[in-house]
Each structure stands twice: as structure tokens, then as C-alpha cells.
>>> print(open('final08.cif').read())   # mmCIF, C-alpha atoms
data_work
loop_
_atom_site.label_atom_id
_atom_site.label_comp_id
_atom_site.auth_asym_id
_atom_site.auth_seq_id
_atom_site.Cartn_x
_atom_site.Cartn_y
_atom_site.Cartn_z
CA MET A 1 109.80 81.10 125.02
CA ARG A 2 109.62 84.82 124.32
CA VAL A 3 110.93 86.16 121.03
CA ARG A 4 110.93 89.81 119.98
CA SER A 5 110.25 90.25 116.28
CA PHE A 6 112.41 93.35 115.85
CA ASN A 7 115.44 95.15 117.29
CA HIS A 8 117.81 92.28 116.72
CA ASN A 9 120.48 91.36 114.23
CA GLY A 10 120.02 88.19 112.26
CA GLY A 11 117.49 86.24 110.27
CA MET A 12 113.74 86.70 110.20
CA LEU A 13 110.73 84.86 108.84
CA TYR A 14 108.00 87.11 107.43
CA LEU A 15 104.51 85.76 106.71
CA VAL A 16 103.17 88.19 104.13
CA ALA A 17 99.50 88.46 103.10
CA THR A 18 98.86 89.01 99.39
CA PRO A 19 95.72 90.32 97.61
CA ILE A 20 92.90 87.81 97.14
CA GLY A 21 91.87 89.23 93.77
CA ASN A 22 92.36 92.97 93.51
CA LEU A 23 96.05 93.89 93.16
CA SER A 24 95.37 97.25 94.83
CA ASP A 25 94.68 95.48 98.13
CA PHE A 26 98.39 95.27 98.90
CA SER A 27 99.84 97.25 101.79
CA TYR A 28 102.86 99.57 101.53
CA ARG A 29 104.49 97.61 104.31
CA ALA A 30 104.05 94.30 102.48
CA ILE A 31 105.66 95.78 99.37
CA GLU A 32 108.55 97.20 101.39
CA VAL A 33 109.17 93.89 103.14
CA LEU A 34 109.13 91.88 99.92
CA LYS A 35 111.57 94.33 98.35
CA SER A 36 113.92 94.18 101.33
CA VAL A 37 114.10 90.47 102.17
CA ASP A 38 116.81 88.17 100.86
CA LYS A 39 114.39 85.71 99.34
CA ILE A 40 110.67 85.08 98.77
CA TYR A 41 109.13 81.62 98.82
CA ALA A 42 105.78 81.32 97.02
CA GLU A 43 103.21 78.57 96.62
CA ASP A 44 103.17 79.01 92.83
CA THR A 45 105.86 81.24 91.35
CA ARG A 46 103.92 81.55 88.09
CA ASN A 47 101.06 83.29 89.91
CA SER A 48 103.21 85.29 92.30
CA ILE A 49 105.44 86.75 89.58
CA THR A 50 102.47 88.78 88.25
CA LEU A 51 102.05 90.50 91.63
CA LEU A 52 105.78 91.06 92.10
CA ARG A 53 106.21 92.56 88.63
CA HIS A 54 103.23 94.85 89.17
CA TYR A 55 105.02 96.39 92.17
CA ASN A 56 108.55 96.21 90.69
CA ILE A 57 109.66 93.67 93.29
CA THR A 58 112.80 91.98 91.99
CA THR A 59 113.69 89.88 95.03
CA ARG A 60 114.75 86.31 94.30
CA LEU A 61 111.70 84.04 94.13
CA GLU A 62 111.55 80.30 94.76
CA SER A 63 108.74 77.77 95.10
CA TYR A 64 107.50 76.25 98.34
CA HIS A 65 104.43 74.04 97.99
CA GLU A 66 102.85 70.88 99.33
CA PHE A 67 104.96 68.65 97.07
CA ASN A 68 108.37 70.00 98.08
CA GLN A 69 107.77 71.32 101.61
CA ASP A 70 109.16 68.20 103.31
CA VAL A 71 112.43 68.65 101.42
CA LYS A 72 112.70 72.45 101.63
CA THR A 73 111.51 73.21 105.17
CA ASN A 74 114.78 72.44 106.92
CA SER A 75 116.91 74.27 104.34
CA ILE A 76 114.74 77.40 104.63
CA VAL A 77 114.93 77.35 108.41
CA GLU A 78 118.69 76.88 108.12
CA GLU A 79 118.84 80.02 105.95
CA ILE A 80 117.07 82.00 108.68
CA LYS A 81 119.39 80.58 111.34
CA ASN A 82 122.33 81.80 109.24
CA GLY A 83 120.94 85.35 109.15
CA ALA A 84 118.78 85.45 106.03
CA THR A 85 115.48 87.34 105.92
CA ILE A 86 112.83 85.16 104.29
CA ALA A 87 109.25 85.95 103.23
CA ILE A 88 106.54 83.33 102.70
CA ILE A 89 103.58 84.21 100.46
CA SER A 90 100.71 82.22 99.00
CA ASP A 91 98.78 82.69 95.76
CA ALA A 92 96.22 84.81 97.57
CA GLY A 93 95.54 85.90 101.14
CA LEU A 94 97.37 84.81 104.25
CA PRO A 95 100.00 82.09 103.95
CA VAL A 96 99.70 79.00 106.17
CA ILE A 97 95.84 79.16 106.11
CA SER A 98 94.85 76.33 103.73
CA ASP A 99 98.28 76.85 102.12
CA PRO A 100 101.84 75.64 102.76
CA GLY A 101 103.90 77.35 105.43
CA TYR A 102 102.89 75.73 108.70
CA LYS A 103 105.89 73.39 108.80
CA ILE A 104 108.33 76.29 108.47
CA VAL A 105 106.55 78.24 111.21
CA GLN A 106 106.48 75.17 113.45
CA GLU A 107 110.19 74.52 113.04
CA ALA A 108 111.18 78.20 113.31
CA SER A 109 109.11 78.45 116.51
CA ARG A 110 110.79 75.37 117.94
CA LEU A 111 114.19 76.95 117.32
CA ASN A 112 113.14 80.29 118.82
CA LEU A 113 113.66 82.15 115.54
CA PRO A 114 111.88 85.50 115.04
CA ILE A 115 108.64 85.42 113.05
CA SER A 116 106.53 88.39 112.01
CA THR A 117 103.19 88.61 110.25
CA ILE A 118 102.53 91.27 107.63
CA PRO A 119 98.71 91.33 107.76
CA GLY A 120 96.33 91.77 104.87
CA ALA A 121 93.45 90.19 103.02
CA SER A 122 91.81 86.95 104.15
CA ALA A 123 89.03 85.47 102.02
CA GLY A 124 87.37 83.65 104.93
CA ILE A 125 87.14 86.66 107.25
CA SER A 126 86.17 89.00 104.41
CA ALA A 127 83.25 86.73 103.49
CA LEU A 128 82.23 86.24 107.13
CA ILE A 129 81.82 89.91 107.97
CA ALA A 130 79.61 90.51 104.92
CA SER A 131 77.62 87.27 105.18
CA GLY A 132 74.86 88.47 107.50
CA LEU A 133 75.42 85.40 109.68
CA ALA A 134 76.68 85.63 113.27
CA PRO A 135 80.36 86.62 113.08
CA MET A 136 81.28 85.38 116.56
CA PRO A 137 82.08 82.80 117.56
CA PHE A 138 83.09 81.08 114.35
CA THR A 139 85.03 78.03 113.22
CA PHE A 140 87.31 78.22 110.20
CA TYR A 141 87.37 74.78 108.58
CA GLY A 142 88.72 75.43 105.09
CA PHE A 143 88.41 72.71 102.47
CA LEU A 144 86.37 69.59 103.09
CA ASP A 145 87.67 66.31 101.66
CA SER A 146 87.06 65.87 97.94
CA LYS A 147 85.82 62.30 98.40
CA LYS A 148 82.15 62.00 99.35
CA THR A 149 82.58 59.35 102.06
CA LYS A 150 85.24 61.33 103.92
CA ARG A 151 83.40 64.62 103.34
CA VAL A 152 80.19 63.25 104.89
CA LYS A 153 82.20 61.97 107.86
CA GLU A 154 83.72 65.44 108.36
CA LEU A 155 80.29 67.07 108.13
CA ASN A 156 78.87 64.65 110.71
CA GLU A 157 81.68 65.65 113.06
CA LEU A 158 80.70 69.31 112.55
CA LYS A 159 76.95 68.76 112.76
CA TYR A 160 76.54 69.95 116.35
CA VAL A 161 78.95 72.89 116.18
CA ASN A 162 76.64 75.68 117.34
CA HIS A 163 78.41 78.62 115.72
CA THR A 164 79.14 79.86 112.21
CA ILE A 165 81.50 77.74 110.09
CA ILE A 166 83.70 78.98 107.24
CA PHE A 167 84.44 76.61 104.36
CA TYR A 168 86.41 76.95 101.13
CA GLU A 169 85.20 74.96 98.13
CA ALA A 170 86.03 74.53 94.46
CA PRO A 171 83.30 75.48 91.95
CA HIS A 172 83.22 72.03 90.38
CA ARG A 173 82.43 70.46 93.78
CA ILE A 174 80.18 73.09 95.33
CA PHE A 175 76.86 71.42 94.47
CA GLU A 176 78.03 68.00 95.70
CA CYS A 177 79.20 69.67 98.89
CA LEU A 178 75.88 71.50 99.40
CA GLU A 179 73.89 68.31 98.78
CA ASP A 180 75.90 66.54 101.47
CA MET A 181 75.41 69.51 103.83
CA LEU A 182 71.66 69.43 103.25
CA GLU A 183 71.60 65.74 104.12
CA VAL A 184 73.76 66.06 107.25
CA PHE A 185 73.06 69.59 108.54
CA GLY A 186 69.51 70.08 107.33
CA ASP A 187 68.39 73.17 105.44
CA ARG A 188 70.48 75.83 107.20
CA ARG A 189 71.07 79.45 106.21
CA VAL A 190 74.23 80.00 104.24
CA CYS A 191 76.08 82.74 102.42
CA LEU A 192 78.11 81.85 99.36
CA ALA A 193 80.71 84.50 98.52
CA ARG A 194 82.44 84.19 95.18
CA GLU A 195 85.17 86.08 93.35
CA LEU A 196 85.86 88.32 96.35
CA THR A 197 87.32 91.75 95.47
CA LYS A 198 87.15 90.97 91.74
CA THR A 199 84.89 92.43 89.04
CA PHE A 200 82.30 89.68 89.41
CA GLU A 201 82.21 89.63 93.21
CA GLU A 202 78.86 88.26 94.40
CA TYR A 203 77.19 87.24 97.66
CA ILE A 204 74.45 84.62 97.42
CA ARG A 205 72.39 84.34 100.61
CA GLY A 206 69.61 81.91 101.43
CA SER A 207 69.04 78.35 102.59
CA ILE A 208 71.10 75.43 101.31
CA SER A 209 68.13 74.30 99.24
CA ASP A 210 67.86 77.80 97.73
CA ILE A 211 71.48 77.71 96.56
CA LEU A 212 71.02 74.23 95.11
CA LYS A 213 68.38 75.64 92.72
CA LEU A 214 71.03 77.65 90.87
CA ASP A 215 72.23 76.40 87.49
CA SER A 216 75.94 76.99 88.03
CA ILE A 217 78.39 78.77 90.30
CA LYS A 218 81.79 79.85 89.03
CA GLY A 219 84.92 81.32 90.54
CA GLU A 220 86.69 81.01 93.87
CA ILE A 221 84.18 80.29 96.63
CA VAL A 222 83.89 80.90 100.37
CA LEU A 223 80.88 79.22 101.97
CA ILE A 224 79.61 80.56 105.30
CA VAL A 225 77.21 78.20 107.11
CA GLU A 226 75.16 78.99 110.22
CA GLY A 227 75.76 76.85 113.26
CA TYR A 228 73.61 74.11 114.75
CA LYS A 229 70.39 75.22 116.40
CA GLU A 230 68.42 72.81 118.54
CA ASP A 231 64.78 72.33 117.61
CA SER A 232 61.87 71.33 119.81
CA SER A 233 62.36 67.65 119.01
CA GLU A 234 65.76 67.78 120.70
CA ASP A 235 64.07 68.66 123.97
CA THR A 236 62.01 65.46 124.01
CA ALA A 237 64.36 63.06 122.23
CA ASN A 238 65.58 60.07 124.23
CA PRO A 239 68.84 61.38 125.75
CA PHE A 240 70.45 57.94 125.81
CA GLU A 241 69.79 57.39 122.10
CA LYS A 242 71.16 60.87 121.42
CA ILE A 243 74.34 60.05 123.35
CA ASP A 244 74.75 56.83 121.36
CA GLU A 245 74.27 58.79 118.13
CA LEU A 246 77.03 61.22 119.05
CA ILE A 247 79.37 58.41 120.10
CA ASN A 248 78.79 56.77 116.71
CA LEU A 249 79.81 60.06 115.10
CA GLY A 250 83.13 59.92 116.90
CA TYR A 251 82.46 61.77 120.17
CA LYS A 252 84.02 60.37 123.32
CA PRO A 253 81.33 59.20 125.83
CA ASN A 254 82.02 62.06 128.25
CA GLU A 255 81.88 64.59 125.39
CA ALA A 256 78.61 63.10 124.10
CA ILE A 257 77.01 63.19 127.56
CA LYS A 258 78.13 66.79 128.09
CA GLU A 259 76.70 67.82 124.70
CA VAL A 260 73.33 66.13 125.27
CA ALA A 261 73.07 67.57 128.78
CA LYS A 262 73.56 71.02 127.28
CA LEU A 263 71.11 70.42 124.43
CA GLN A 264 68.35 69.11 126.70
CA ASN A 265 69.11 71.25 129.76
CA LEU A 266 69.90 68.24 131.93
CA GLU A 267 72.29 67.90 134.86
CA ARG A 268 75.45 66.32 133.42
CA LYS A 269 76.41 64.18 136.43
CA GLU A 270 72.88 62.79 136.77
CA LEU A 271 72.73 62.08 133.04
CA TYR A 272 76.10 60.31 133.20
CA LYS A 273 74.89 58.08 136.06
CA ASP A 274 71.57 57.35 134.32
CA TYR A 275 73.34 56.57 131.03
CA ILE A 276 75.69 54.09 132.74
CA ASP A 277 72.69 52.39 134.37
CA TYR A 278 70.93 52.35 130.99
CA LYS A 279 73.91 50.70 129.26
CA ASN A 280 74.37 48.15 132.08
CA SER A 281 70.70 47.17 131.88
CA LYS A 282 70.89 46.32 128.19
#
>>> encode(input="final08.cif", output="C-alpha cells")
Amino acid sequence: MRVRSFNHNGGMLYLVATPIGNLSDFSYRAIEVLKSVDKIYAEDTRNSITLLRHYNITTRLESYHEFNQDVKTNSIVEEIKNGATIAIISDAGLPVISDPGYKIVQEASRLNLPISTIPGASAGISALIASGLAPMPFTFYGFLDSKKTKRVKELNELKYVNHTIIFYEAPHRIFECLEDMLEVFGDRRVCLARELTKTFEEYIRGSISDILKLDSIKGEIVLIVEGYKEDSSEDTANPFEKIDELINLGYKPNEAIKEVAKLQNLERKELYKDYIDYKNSK
């Protein structure tokens, strides 16, 4: 399917980025679009109304959040089908990323409806480029689970990702999260960016254990974590035991064998054959 965003008559879905803290970080184009559309859907209308009033945007505003998205998605898409121009915004940054909006985009895409992004601030990318950690490649993960058991499981699945990972975390959970990371990842380098673009913006760089020595951390947080780096012990570790370890973490056997072959500089096909022989001999 090929869909041109412009030069057509009819409805349109706009995904509009909003400032992540500083109201001045709002583009002229974003303001113009929000003034011109038929309706704006926001994650929290109480937060969004402050931004809209600041820029004298009087467009009709309605809520679209995780608790009503199943009910509202189809009706919003129907509005676009009938010719309405609709904008989706979140409390801060890009909609859809760790915020509602994906279901509308998915359904609008399925129906071949035009969608256009109005770019702007993104907390994760803003923190990444100032972190001092390798910016490419990177994995954006967002929020880990709030429950420790599920969070540790997620971290174990990410343990061998060998590039920078971007997390979001709430201040009241940040120390629990870092303690779990220290246990699963080891003492990696991290950059904790808080209150981005606001008066108390701060970057805290160091090892996980360094950050854990702080008394408290307040504000909205982006946590940038360096990727997995093999150490000398990986070179001599029993490859079959390492494969079993990865399988226990949820890797498929072929994926685990491929990963261990890469870590220990072994020939994958030979390792696969030797691992099958090893398992059959047990």
C-alpha cells in the first residue's frame, strides 16, 4: 500500500509531538496543525489544555487514553474516513511511544488512510545524544514492568543485547530498577537524565553502583544503559552450559547457539552439531 500524506481531499490523522518540559520547544507547524484540525485527542486533557491555552489553540479537545482506547479507536478512525482531520498528542513528546495512539495508527494504516507525523521533542533520543554512551545502534525499551519478578525477567531477556538501551522509569521505582539491573547486567555504565528541558535538568553519569549511592532522585527520568560487553571469562566458558543458560532465559535453541558462537568466536554449524551430540550423550 502506498499512501500520499498530502494533495488529497478528505480526512487525515496527524501525530503531533509536544514539548517534553519547556513550552518553547513547540514548532510553528505543530501549532498551525493543531489550530487547523477538526479535533484533538489527548492522553490527559487536563495537562494538554495548559499547552493549548498558551498558544491560543481553541480546537475541540477530547481524551484518548489506555482506559478508553478500545472503545474510542474505531469511532476516531470512522471520523477520519468521513473526512475529519484529527490530531493525536500525548502529555509530552511523541505520541504512540510509551503512550496511547498505536491502535489508531494500526487501524488507519489497515484502511489505507493518510497519516502524517509532525516531528518534535523525544525524551529518549534527547537523553541518548547527550549521554556520552554509544548512540548507535540502540534499543528503545521504555518502561520496565513495575513488579520485580516480571522486571527481572525482562532484564534477563535484555542481558545480552550488545548495544545501548533506553529506558523510562518513575522516580519512586528508580532505585529498585537499578538494583535489579546491577544484579542482572552487572555494574555497567549508565546515564540518568532527569527533568529534560526544565529548570532542574540534570545528567548523572557513572556506573550503576555509583548512581545507587545517591540519596534520592526526583522528576521524570530517562535511563540510558550501555550494552553487553563480553569479558575474558566468556571466551573460556563452557559453550554448552552457556547455550543452556540462554535457553533458560527464553532464547530458542538456534538463537542461543548463534549467540554463543558469536560471543566465543566459534563456527555456528560445528557448535550446533557438537551441542546436539552433547545433549544426546547426557
>>> resolve_selection(input="final08.cif", expression="the PyMOL selection byres ((chain A and resi 213-230) around 8)", output="compact mmCIF listing (two decimals) with C-alpha atoms, in the frame of the given file")
# COMPACT_ATOMS: atom_id res chain seq x y z
CA ALA A 123 89.03 85.47 102.02
CA GLY A 124 87.37 83.65 104.93
CA ALA A 127 83.25 86.73 103.49
CA LEU A 128 82.23 86.24 107.13
CA SER A 131 77.62 87.27 105.18
CA LEU A 133 75.42 85.40 109.68
CA ALA A 134 76.68 85.63 113.27
CA LYS A 159 76.95 68.76 112.76
CA TYR A 160 76.54 69.95 116.35
CA VAL A 161 78.95 72.89 116.18
CA ASN A 162 76.64 75.68 117.34
CA HIS A 163 78.41 78.62 115.72
CA THR A 164 79.14 79.86 112.21
CA ILE A 165 81.50 77.74 110.09
CA ILE A 166 83.70 78.98 107.24
CA PHE A 167 84.44 76.61 104.36
CA TYR A 168 86.41 76.95 101.13
CA GLU A 169 85.20 74.96 98.13
CA ALA A 170 86.03 74.53 94.46
CA PRO A 171 83.30 75.48 91.95
CA ILE A 174 80.18 73.09 95.33
CA PHE A 185 73.06 69.59 108.54
CA ARG A 188 70.48 75.83 107.20
CA ARG A 189 71.07 79.45 106.21
CA VAL A 190 74.23 80.00 104.24
CA CYS A 191 76.08 82.74 102.42
CA LEU A 192 78.11 81.85 99.36
CA ALA A 193 80.71 84.50 98.52
CA ARG A 194 82.44 84.19 95.18
CA GLU A 195 85.17 86.08 93.35
CA LEU A 196 85.86 88.32 96.35
CA SER A 209 68.13 74.30 99.24
CA ASP A 210 67.86 77.80 97.73
CA ILE A 211 71.48 77.71 96.56
CA LEU A 212 71.02 74.23 95.11
CA ASP A 231 64.78 72.33 117.61
CA SER A 232 61.87 71.33 119.81
CA SER A 233 62.36 67.65 119.01
CA GLU A 234 65.76 67.78 120.70
CA LEU A 263 71.11 70.42 124.43
>>> residues_around(input="final08.cif", residues="Ile80 (chain A)", least_positions_apart="5", cutoff="9 Å", atoms="only C-alpha atoms", output="VMD selection string")
chain A and resid 10 to 13 75 85 to 86 108 113 to 114
>>> atom_distance(input="final08.cif", atom1="CA of Gly142 (chain A)", atom2="CA of Ile88 (chain A)")
19.6 Å
>>> residues_around(input="final08.cif", residues="Glu107 (chain A)", least_positions_apart="5", cutoff="9 Å", atoms="only C-alpha atoms", output="compact mmCIF listing (two decimals) with C-alpha atoms, keeping the file's coordinate frame")
# COMPACT_ATOMS: atom_id res chain seq x y z
CA THR A 73 111.51 73.21 105.17
CA ASN A 74 114.78 72.44 106.92
CA VAL A 77 114.93 77.35 108.41
CA TYR A 102 102.89 75.73 108.70
CA ASN A 112 113.14 80.29 118.82
CA LEU A 113 113.66 82.15 115.54
>>> atom_distance(input="final08.cif", atom1="CA of Thr59 (chain A)", atom2="CA of Phe26 (chain A)")
16.7 Å
>>> atom_distance(input="final08.cif", atom1="CA of Asp180 (chain A)", atom2="CA of Val152 (chain A)")
6.4 Å
>>> residues_near_point(input="final08.cif", point="(108.9, 79.0, 94.2)", cutoff="10 Å", atoms="only C-alpha atoms", output="list of chain:residue names")
A:Ile40, A:Tyr41, A:Ala42, A:Glu43, A:Asp44, A:Thr45, A:Arg46, A:Asn47, A:Ser48, A:Ile49, A:Arg60, A:Leu61, A:Glu62, A:Ser63, A:Tyr64, A:His65, A:Asn68, A:Ile88, A:Ile89
>>> residues_around(input="final08.cif", residues="Leu94 (chain A)", least_positions_apart="2", cutoff="12 Å", atoms="only C-alpha atoms", output="ChimeraX atom specification")
/A:14-20,26,30,42-43,87-92,96-102,117-126
>>> closest_residue(input="final08.cif", among="A:Gly93, A:Ile257, A:Ser116, A:Glu241", to="Ser5 (chain A)", atoms="only C-alpha atoms")
A:Ser116
>>> residues_near_point(input="final08.cif", point="(73.3, 60.3, 125.5)", cutoff="8 Å", atoms="only C-alpha atoms", output="MDAnalysis selection string")
chainID A and resid 238:246 256:257 260:261 271 275
>>> residues_around(input="final08.cif", residues="Leu144 (chain A)", least_positions_apart="3", cutoff="9 Å", atoms="only C-alpha atoms", output="PyMOL selection string")
chain A and resi 141+147+150-151+154-155+167-169+177
